[in-house]
Structures are given as structure tokens and as C-alpha cells.
$ cat target38.txt   # compact mmCIF, C-alpha atoms and all ligand atoms
# COMPACT_ATOMS: atom_id res chain seq x y z
CA MET A 1 101.95 -12.69 79.34
CA SER A 2 98.52 -13.67 78.06
CA ASP A 3 96.66 -11.38 75.64
CA ASN A 4 96.34 -7.91 77.12
CA ILE A 5 96.21 -4.25 76.14
CA PHE A 6 99.83 -4.42 74.96
CA THR A 7 99.55 -7.50 72.80
CA GLU A 8 95.93 -7.54 71.69
CA GLU A 9 95.05 -5.78 68.44
CA LEU A 10 92.01 -3.72 69.34
CA GLU A 11 89.13 -3.49 66.85
CA LEU A 12 88.08 0.10 67.36
CA ASN A 13 86.91 1.18 63.92
CA TYR A 14 88.91 4.42 64.19
CA THR A 15 91.40 5.98 61.76
CA GLU A 16 93.39 9.18 62.11
CA VAL A 17 95.24 10.51 59.10
CA ALA A 18 98.62 12.14 59.85
CA PRO A 19 98.78 15.64 58.32
CA GLU A 20 101.75 16.91 56.28
CA ILE A 21 104.27 18.92 58.34
CA ASP A 22 106.61 21.69 57.25
CA PHE A 23 109.81 20.12 58.57
CA VAL A 24 111.92 23.26 58.04
CA GLU A 25 109.59 25.28 60.29
CA PHE A 26 109.49 22.48 62.83
CA GLU A 27 113.29 22.37 62.97
CA LYS A 28 113.41 26.16 63.35
CA VAL A 29 111.25 25.87 66.47
CA ILE A 30 113.52 23.19 67.94
CA THR A 31 116.80 24.94 67.22
CA SER A 32 115.70 28.46 68.19
CA ARG A 33 114.44 27.39 71.63
CA ARG A 34 117.10 28.62 73.98
CA SER A 35 117.22 29.06 77.72
CA VAL A 36 116.72 32.79 78.10
CA ARG A 37 118.26 34.25 81.25
CA VAL A 38 117.01 37.82 80.78
CA PHE A 39 113.63 38.71 79.32
CA GLY A 40 112.79 42.10 77.82
CA ASP A 41 109.89 44.42 78.68
CA GLU A 42 107.46 43.12 76.05
CA GLU A 43 104.31 41.63 77.51
CA VAL A 44 103.33 38.09 76.52
CA PRO A 45 99.63 37.84 75.64
CA GLU A 46 97.65 35.52 77.91
CA GLU A 47 96.43 33.58 74.85
CA VAL A 48 100.03 32.56 74.07
CA VAL A 49 100.51 30.99 77.48
CA GLN A 50 97.03 29.48 77.53
CA LYS A 51 97.66 27.84 74.14
CA ALA A 52 101.09 26.61 75.23
CA ILE A 53 99.76 24.98 78.39
CA GLU A 54 97.03 23.36 76.33
CA HIS A 55 99.79 22.00 74.08
CA GLY A 56 101.50 20.73 77.24
CA LEU A 57 98.38 18.76 78.08
CA LEU A 58 98.69 16.99 74.72
CA ALA A 59 102.08 15.50 75.60
CA PRO A 60 102.31 11.73 75.68
CA ASN A 61 101.91 10.58 79.26
CA SER A 62 102.09 7.35 81.15
CA SER A 63 98.91 5.26 80.75
CA ASN A 64 97.13 8.52 79.85
CA LEU A 65 96.76 9.10 83.58
CA GLN A 66 97.91 12.72 83.24
CA PRO A 67 99.67 13.01 86.60
CA TRP A 68 100.41 16.71 86.28
CA GLU A 69 99.24 20.21 87.04
CA PHE A 70 100.39 23.59 85.71
CA HIS A 71 100.19 26.56 88.03
CA TRP A 72 100.22 29.68 85.92
CA VAL A 73 101.45 32.49 88.14
CA ARG A 74 100.43 35.84 86.71
CA SER A 75 99.82 38.20 89.61
CA GLU A 76 102.62 40.66 90.30
CA ASP A 77 102.94 39.85 94.00
CA LYS A 78 102.96 36.06 93.59
CA ARG A 79 105.43 36.31 90.71
CA SER A 80 107.70 38.46 92.81
CA ALA A 81 107.51 36.03 95.75
CA LEU A 82 108.13 33.10 93.43
CA SER A 83 111.12 34.68 91.73
CA LYS A 84 112.72 35.17 95.14
CA MET A 85 112.17 31.44 95.72
CA CYS A 86 114.02 30.85 92.43
CA PHE A 87 117.06 32.35 94.18
CA GLY A 88 116.34 35.68 92.51
CA GLN A 89 117.44 34.35 89.11
CA ASN A 90 117.15 37.03 86.43
CA GLY A 91 115.21 34.61 84.25
CA ALA A 92 112.56 34.44 86.98
CA LYS A 93 112.67 38.12 87.96
CA THR A 94 112.25 39.39 84.41
CA ALA A 95 109.74 36.73 83.27
CA LYS A 96 106.26 38.02 82.42
CA HIS A 97 104.67 34.73 83.41
CA LEU A 98 105.89 31.86 85.55
CA ILE A 99 104.51 28.35 85.15
CA VAL A 100 105.09 25.93 87.99
CA CYS A 101 104.91 22.43 86.52
CA VAL A 102 103.85 19.89 89.10
CA ALA A 103 104.11 16.10 88.98
CA LYS A 104 101.35 14.43 90.98
CA THR A 105 101.66 11.02 92.59
CA GLY A 106 98.29 11.12 94.30
CA THR A 107 95.92 11.28 91.33
CA TRP A 108 96.56 8.06 89.41
CA LYS A 109 93.91 6.01 91.21
CA ASN A 110 91.14 8.52 90.67
CA ASN A 111 92.28 9.09 87.09
CA CYS A 112 92.00 5.34 86.39
CA GLN A 113 88.33 5.66 87.35
CA ARG A 114 87.96 8.79 85.25
CA MET A 115 89.51 7.01 82.27
CA LEU A 116 87.11 4.11 82.65
CA ALA A 117 84.13 6.45 82.98
CA SER A 118 85.06 8.54 79.94
CA LEU A 119 85.79 5.44 77.85
CA GLU A 120 82.39 4.05 78.83
CA ALA A 121 80.70 7.34 77.95
CA THR A 122 82.39 7.60 74.53
CA SER A 123 81.61 3.97 73.73
CA LYS A 124 77.97 4.39 74.68
CA LYS A 125 77.73 7.43 72.39
CA ASP A 126 79.36 5.53 69.50
CA GLY A 127 77.42 2.35 70.24
CA ILE A 128 80.53 0.20 70.73
CA GLU A 129 81.84 -1.79 73.67
CA VAL A 130 84.97 -0.76 75.59
CA PRO A 131 87.39 -3.63 74.88
CA ASN A 132 87.85 -5.89 77.89
CA ALA A 133 91.62 -5.48 77.65
CA VAL A 134 91.23 -1.73 78.16
CA LYS A 135 88.84 -2.18 81.09
CA ALA A 136 91.24 -4.69 82.65
CA TYR A 137 94.13 -2.28 82.19
CA TYR A 138 92.58 0.53 84.22
CA SER A 139 90.84 -1.64 86.79
CA LYS A 140 93.55 -4.25 87.44
CA ILE A 141 96.90 -3.74 85.70
CA ALA A 142 97.39 -0.03 86.44
CA PRO A 143 96.64 -0.46 90.17
CA MET A 144 99.11 -3.38 90.23
CA ALA A 145 101.73 -1.24 88.54
CA TYR A 146 101.27 2.04 90.43
CA GLY A 147 99.77 0.87 93.70
CA TYR A 148 100.32 -1.75 96.40
CA MET A 149 102.96 0.32 98.15
CA GLY A 150 100.99 1.14 101.30
CA PRO A 151 101.24 4.38 103.26
CA PHE A 152 104.78 5.82 103.07
CA GLY A 153 105.75 2.79 100.97
CA ILE A 154 105.69 0.35 103.89
CA PHE A 155 104.65 -2.48 101.56
CA SER A 156 107.11 -1.50 98.82
CA PRO A 157 109.82 -4.00 99.85
CA LEU A 158 107.19 -6.77 99.66
CA LYS A 159 106.02 -5.54 96.27
CA TRP A 160 109.63 -5.42 95.10
CA ALA A 161 110.34 -8.94 96.37
CA PHE A 162 107.13 -10.31 94.80
CA TYR A 163 107.71 -8.83 91.34
CA ASN A 164 111.40 -9.62 91.32
CA THR A 165 110.71 -13.23 92.20
CA ILE A 166 108.25 -13.53 89.32
CA GLY A 167 110.77 -11.64 87.21
CA LEU A 168 113.23 -14.51 87.57
CA PHE A 169 110.99 -16.52 85.28
CA GLN A 170 109.25 -14.04 83.00
CA VAL A 171 109.29 -10.53 81.57
CA ILE A 172 107.72 -8.17 84.09
CA PHE A 173 107.67 -4.48 84.93
CA ARG A 174 110.22 -3.48 87.57
CA GLU A 175 109.10 0.01 88.47
CA PRO A 176 107.46 1.80 90.21
CA MET A 177 108.03 -0.25 93.38
CA PHE A 178 108.80 2.52 95.86
CA PRO A 179 107.23 5.97 96.33
CA SER A 180 110.42 7.50 94.90
CA ASP A 181 109.87 5.46 91.69
CA LEU A 182 106.36 6.86 91.50
CA ARG A 183 107.79 10.37 91.73
CA THR A 184 110.15 9.57 88.84
CA TRP A 185 107.16 8.18 86.93
CA ALA A 186 105.19 11.40 87.35
CA HIS A 187 108.19 13.68 86.70
CA LYS A 188 108.99 11.86 83.42
CA THR A 189 105.57 12.55 82.01
CA THR A 190 105.40 16.11 83.36
CA ALA A 191 108.78 16.93 81.80
CA LEU A 192 107.42 15.92 78.40
CA ALA A 193 104.60 18.39 78.87
CA CYS A 194 107.14 21.05 79.85
CA GLU A 195 108.97 20.56 76.56
CA ASN A 196 105.71 20.87 74.63
CA ILE A 197 105.00 24.12 76.46
CA MET A 198 108.45 25.55 75.73
CA LEU A 199 108.30 24.62 72.05
CA SER A 200 104.80 26.02 71.72
CA ILE A 201 105.87 29.32 73.25
CA ARG A 202 108.85 29.47 70.87
CA ALA A 203 106.59 28.68 67.90
CA GLN A 204 104.39 31.62 68.95
CA GLY A 205 107.38 34.00 68.93
CA TYR A 206 108.27 34.07 72.66
CA ASP A 207 110.86 32.44 74.89
CA THR A 208 111.25 30.41 78.05
CA LEU A 209 113.66 29.43 80.79
CA PRO A 210 113.25 26.04 82.47
CA MET A 211 114.37 26.24 86.11
CA GLU A 212 115.09 23.69 88.77
CA GLY A 213 116.97 26.23 90.84
CA PHE A 214 114.25 26.94 93.42
CA ASP A 215 113.31 26.23 97.01
CA ALA A 216 110.71 23.51 96.46
CA LYS A 217 109.34 23.64 100.00
CA ARG A 218 108.58 27.37 99.86
CA VAL A 219 107.18 27.09 96.31
CA LYS A 220 104.79 24.35 97.42
CA LYS A 221 103.66 26.42 100.39
CA LEU A 222 103.07 29.48 98.21
CA LEU A 223 100.85 27.48 95.85
CA GLY A 224 99.13 25.39 98.50
CA LEU A 225 100.51 22.09 97.17
CA GLY A 226 100.40 18.84 99.11
CA CYS A 227 102.85 16.08 99.97
CA LYS A 228 101.96 14.14 96.80
CA ASP A 229 102.71 17.14 94.57
CA HIS A 230 106.27 17.51 93.29
CA VAL A 231 107.57 20.49 91.38
CA THR A 232 109.22 19.21 88.20
CA MET A 233 110.41 22.61 87.03
CA ILE A 234 109.36 26.22 86.82
CA LEU A 235 109.15 27.87 83.41
CA GLY A 236 109.88 31.56 82.98
CA VAL A 237 108.12 33.06 79.97
CA GLY A 238 108.89 36.30 78.13
CA LYS A 239 110.51 37.75 75.03
CA ARG A 240 114.29 37.39 74.98
CA SER A 241 116.21 40.63 75.55
CA ALA A 242 119.16 41.36 73.23
CA LYS A 243 121.61 39.85 75.71
CA GLY A 244 119.24 37.28 77.20
CA VAL A 245 120.91 34.26 75.60
CA TYR A 246 124.34 33.83 77.10
CA GLY A 247 126.11 32.13 74.18
CA PRO A 248 125.74 29.81 71.19
CA GLN A 249 124.03 26.52 71.89
CA PHE A 250 126.63 23.96 72.91
CA ARG A 251 126.38 20.18 73.09
CA PHE A 252 129.05 17.48 73.42
CA PRO A 253 129.74 15.52 70.19
CA LYS A 254 126.62 13.60 69.21
CA GLU A 255 128.64 10.39 68.82
CA ASP A 256 129.03 10.39 72.61
CA PHE A 257 125.28 10.02 73.05
CA ILE A 258 123.92 8.16 70.06
CA ILE A 259 124.72 4.52 70.60
CA LYS A 260 123.72 2.26 67.76
CA HIS A 261 123.22 -1.43 68.42
C1 LIG A 301 115.14 20.65 84.29
C2 LIG A 301 115.97 21.85 83.94
C3 LIG A 301 116.32 22.75 84.92
C4 LIG A 301 117.05 23.89 84.62
N1 LIG A 301 117.30 24.80 85.60
C5 LIG A 301 117.89 25.97 85.29
C6 LIG A 301 118.00 27.01 86.25
O1 LIG A 301 117.54 26.87 87.39
N2 LIG A 301 118.58 28.15 85.87
C7 LIG A 301 119.08 28.35 84.62
O2 LIG A 301 119.60 29.44 84.35
N3 LIG A 301 118.97 27.39 83.68
C8 LIG A 301 118.38 26.22 83.97
N4 LIG A 301 118.19 25.26 83.00
C9 LIG A 301 118.61 25.53 81.64
C10 LIG A 301 119.84 24.72 81.23
O3 LIG A 301 120.97 25.24 81.87
C11 LIG A 301 119.95 24.80 79.70
O4 LIG A 301 118.85 24.09 79.16
C12 LIG A 301 121.24 24.20 79.16
O5 LIG A 301 122.34 24.95 79.58
C13 LIG A 301 121.23 24.14 77.64
O6 LIG A 301 120.99 25.40 77.06
P1 LIG A 301 119.79 25.64 76.03
O7 LIG A 301 118.51 25.33 76.79
O8 LIG A 301 119.86 27.10 75.65
O9 LIG A 301 119.99 24.72 74.89
C14 LIG A 301 117.49 24.12 83.29
C15 LIG A 301 117.13 23.19 82.30
C16 LIG A 301 116.37 22.09 82.61
C17 LIG A 301 115.95 21.15 81.52

$ encode --input "target38.txt" --output "C-alpha cells"
Amino acid sequence: MSDNIFTEELELNYTEVAPEIDFVEFEKVITSRRSVRVFGDEEVPEEVVQKAIEHGLLAPNSSNLQPWEFHWVRSEDKRSALSKMCFGQNGAKTAKHLIVCVAKTGTWKNNCQRMLASLEATSKKDGIEVPNAVKAYYSKIAPMAYGYMGPFGIFSPLKWAFYNTIGLFQVIFREPMFPSDLRTWAHKTTALACENIMLSIRAQGYDTLPMEGFDAKRVKKLLGLGCKDHVTMILGVGKRSAKGVYGPQFRFPKEDFIIKH
């Protein structure tokens, strides 16, 4: 690959100093986050959820294209309808807020343009040029990576064949080639935001339940979502009741999952 956004060292005249972190407190947030199946009666202030979703928006995300949306369901009647669509799970029924986290496969193109426009605006303000490698990334490379699939992915087999032929001779990206890969792409990034939201809510003294047990079709209809919107998970938010956590946190031995090369 010739010089590009990945290989070029950009001269941006910008420094950001990393602040000190209280690691003990950080670890407490991680280890005390549990999936809470029954929430108590305590209300969760709106500011807590607002802040948490804002923290979700700060999650790392693919190409900074932010292919997500968070539908904060607060009204009693919508929450009740939604909890039925979560198979009546107690964690949904007793939640004070429900957040439907949506991965979007239809916004990347427009967001490439938005990225270019906001980079241009910031550069103009600071009196510096947007590096060509960055411009090329959003105008050429990102469309090559996320596009060229055609409606319903009719061109995907051609895209796959093209990239895999080139891939015989050089390092090249292999996904997303098909619309299903694009869904995975958007879900990956949205799930990172979900974790930020859950940790933020824990850090503010409240609890969550991530759910994938729901009827996606009905949920999408309730929220007016389209065919390029995919529900990654639904988060129940509340304060854990005394018996809301069903047992100590269990994981298989870490040696099974940490593979050192
Ligand atoms: C994507 C996802 C979907 C989940 N869906 C459900 C669900 O529908 N209902 C439920 O009770 N728990 C659900 N869980 C919670 C998991 O069962 C739970 O995270 C796991 O048992 C580990 O427990 P812990 O979160 O307390 O560490 C889900 C978790 C994730 C990450």
C-alpha cells in the first residue's frame, strides 16, 4: 500500500495529555457491573441516562462514522409495550428506562460527507489544511470499503471476487463484502457504545441489563425503524433490587481465553 491515512504520520500540531486515573475506582466499576434481572422501585434521574448515552457516543467506532442510534424509551406506555416485546423479561418489566441500541448500515455514506465537512470547518477555523490522506480516506477509501455492494448486495459477489483476487498478491481488507458483513460492522461499533453506557450507569450508582431476547421486528415497528436499522441490544436501566442479581459472577478459567503468542 502506498502512503495513506494508516501509514502516513500526520502533522496536525495537536497534543492531548492523558489524565491520571484512579485505577481502583475504575476496577470497581468494571467488577460491580452485573446483569440485573429485577430492578427496584427507585427512579433513575434523567441526567444519569442522558450522561450515560453521551458516554456511549464517545466509544471508539469504525472510521468515526458513528453508525448508531440510541432510542431512549421513557414513556410508560411505550416501555410497557417494549417490555412485552422483550418476552416479558423481569429485567425489562421492572426497568425505569429502556434504551434500544440500534446499529445503522444506511448512514455511512452521508457520515463520510459530514466528516469531510466538519474536518474542513475545523481546519478553516484553525488555519490549517485537512491532510490529503484524510480527505482521500473519506472520499475514496471508505466508500471502497463500505460500499460497492449494490442494492440488496447484488454486486457483493463481484466485490468479493475482485478484492480476493487482489488479496492473492497483497495485504487487503476482506470485509465488509456483503450486506451481512456491513451489519456486523455496525453492530461491533454499537456494542462498544453499549458497554460504555452500562459502565457509565454503574459508575453513577445504577444498574443495567443488556438484552438480546426480544422480537426485533416488533421493536423496529414500535420505534419506526427502517430496513437498514438493526437492533444490537436493548438496555434495561434501574437500581438493582436485593435479589436482582442471580448469583456471583462466573467466568470459565481465563487460561481458556487468553492465548499468548
Ligand atoms: C448482547 C447480550 C444480550 C443479552 N441478553 C440477555 C437477555 O435477553 N436476558 C438476560 O437475562 N440476560 C441477557 N444478557 C446478559 C448475560 O446473560 C450476562 O451478561 C451473562 O450471563 C454474564 O453475567 P454478568 O453480565 O452479570 O457478568 C445479555 C448479554 C449480552 C452481552

$ closest_residue --input "target38.txt" --among "A:Trp68, A:Phe214, A:Trp185, A:Phe252" --to "ligand LIG 301 (chain A)" --atoms "all atoms listed in the file"
A:Phe214

$ closest_residue --input "target38.txt" --among "A:Thr184, A:Ser32, A:Thr122, A:Asn4" --to "ligand LIG 301 (chain A)" --atoms "only C-alpha atoms and all ligand atoms"
A:Ser32

$ residues_around --input "target38.txt" --residues "Val73 of chain A" --least-positions-apart "5" --cutoff "7 Å" --atoms "all atoms listed in the file" --output "ChimeraX atom specification"
/A:78-79,97-99

$ write_last_selection --input "target38.txt" --atoms "C-alpha atoms" --output "compact mmCIF listing (two decimals), keeping the file's coordinate frame"
# COMPACT_ATOMS: atom_id res chain seq x y z
CA LYS A 78 102.96 36.06 93.59
CA ARG A 79 105.43 36.31 90.71
CA HIS A 97 104.67 34.73 83.41
CA LEU A 98 105.89 31.86 85.55
CA ILE A 99 104.51 28.35 85.15

$ residues_near_ligand --input "target38.txt" --ligand "ligand LIG 301 (chain A)" --cutoff "9 Å" --atoms "only C-alpha atoms and all ligand atoms" --output "JSON, numbers by chain"
{"A": [31, 32, 33, 34, 35, 36, 37, 86, 87, 89, 90, 91, 92, 191, 194, 195, 208, 209, 210, 211, 212, 213, 214, 232, 233, 234, 235, 245, 246, 247, 248, 249, 250, 251]}

$ residues_near_point --input "target38.txt" --point "(94.9, 7.5, 86.0)" --cutoff "8 Å" --atoms "all atoms listed in the file" --output "short mmCIF file (atom, residue, chain, number, x, y, z; two decimals) with C-alpha atoms, in the frame of the given file"
data_model
loop_
_atom_site.label_atom_id
_atom_site.label_comp_id
_atom_site.auth_asym_id
_atom_site.auth_seq_id
_atom_site.Cartn_x
_atom_site.Cartn_y
_atom_site.Cartn_z
CA SER A 63 98.91 5.26 80.75
CA ASN A 64 97.13 8.52 79.85
CA LEU A 65 96.76 9.10 83.58
CA GLN A 66 97.91 12.72 83.24
CA PRO A 67 99.67 13.01 86.60
CA THR A 107 95.92 11.28 91.33
CA TRP A 108 96.56 8.06 89.41
CA LYS A 109 93.91 6.01 91.21
CA ASN A 110 91.14 8.52 90.67
CA ASN A 111 92.28 9.09 87.09
CA CYS A 112 92.00 5.34 86.39
CA GLN A 113 88.33 5.66 87.35
CA ARG A 114 87.96 8.79 85.25
CA MET A 115 89.51 7.01 82.27
CA TYR A 138 92.58 0.53 84.22
CA ALA A 142 97.39 -0.03 86.44
#

$ atom_distance --input "target38.txt" --atom1 "atom CA of Ile201 of chain A" --atom2 "atom CA of Glu43 of chain A"
13.1 Å

$ closest_residue --input "target38.txt" --among "A:Asp126, A:Glu69, A:Glu255, A:Asp77" --to "Ala186 of chain A" --atoms "only C-alpha atoms"
A:Glu69

$ closest_residue --input "target38.txt" --among "A:Ala161, A:Val29, A:Ala203, A:Leu82" --to "Val49 of chain A" --atoms "all atoms listed in the file"
A:Ala203

$ closest_residue --input "target38.txt" --among "A:Ser80, A:Asn196, A:Gln204, A:Thr189" --to "Ser62 of chain A" --atoms "only C-alpha atoms"
A:Thr189

$ atom_distance --input "target38.txt" --atom1 "atom CA of Lys140 of chain A" --atom2 "atom CA of Thr15 of chain A"
27.7 Å

$ closest_residue --input "target38.txt" --among "A:Val17, A:Cys227, A:Val219, A:Ala193" --to "Pro179 of chain A" --atoms "all atoms listed in the file"
A:Cys227

$ atom_distance --input "target38.txt" --atom1 "atom CA of Phe70 of chain A" --atom2 "atom CA of Arg202 of chain A"
18.1 Å

$ residues_around --input "target38.txt" --residues "segment 144-152 of chain A" --least-positions-apart "5" --cutoff "10 Å" --atoms "all atoms listed in the file" --output "JSON, numbers by chain"
{"A": [105, 108, 109, 137, 138, 139, 157, 158, 159, 160, 173, 174, 175, 176, 177, 178, 179, 181, 182, 185]}
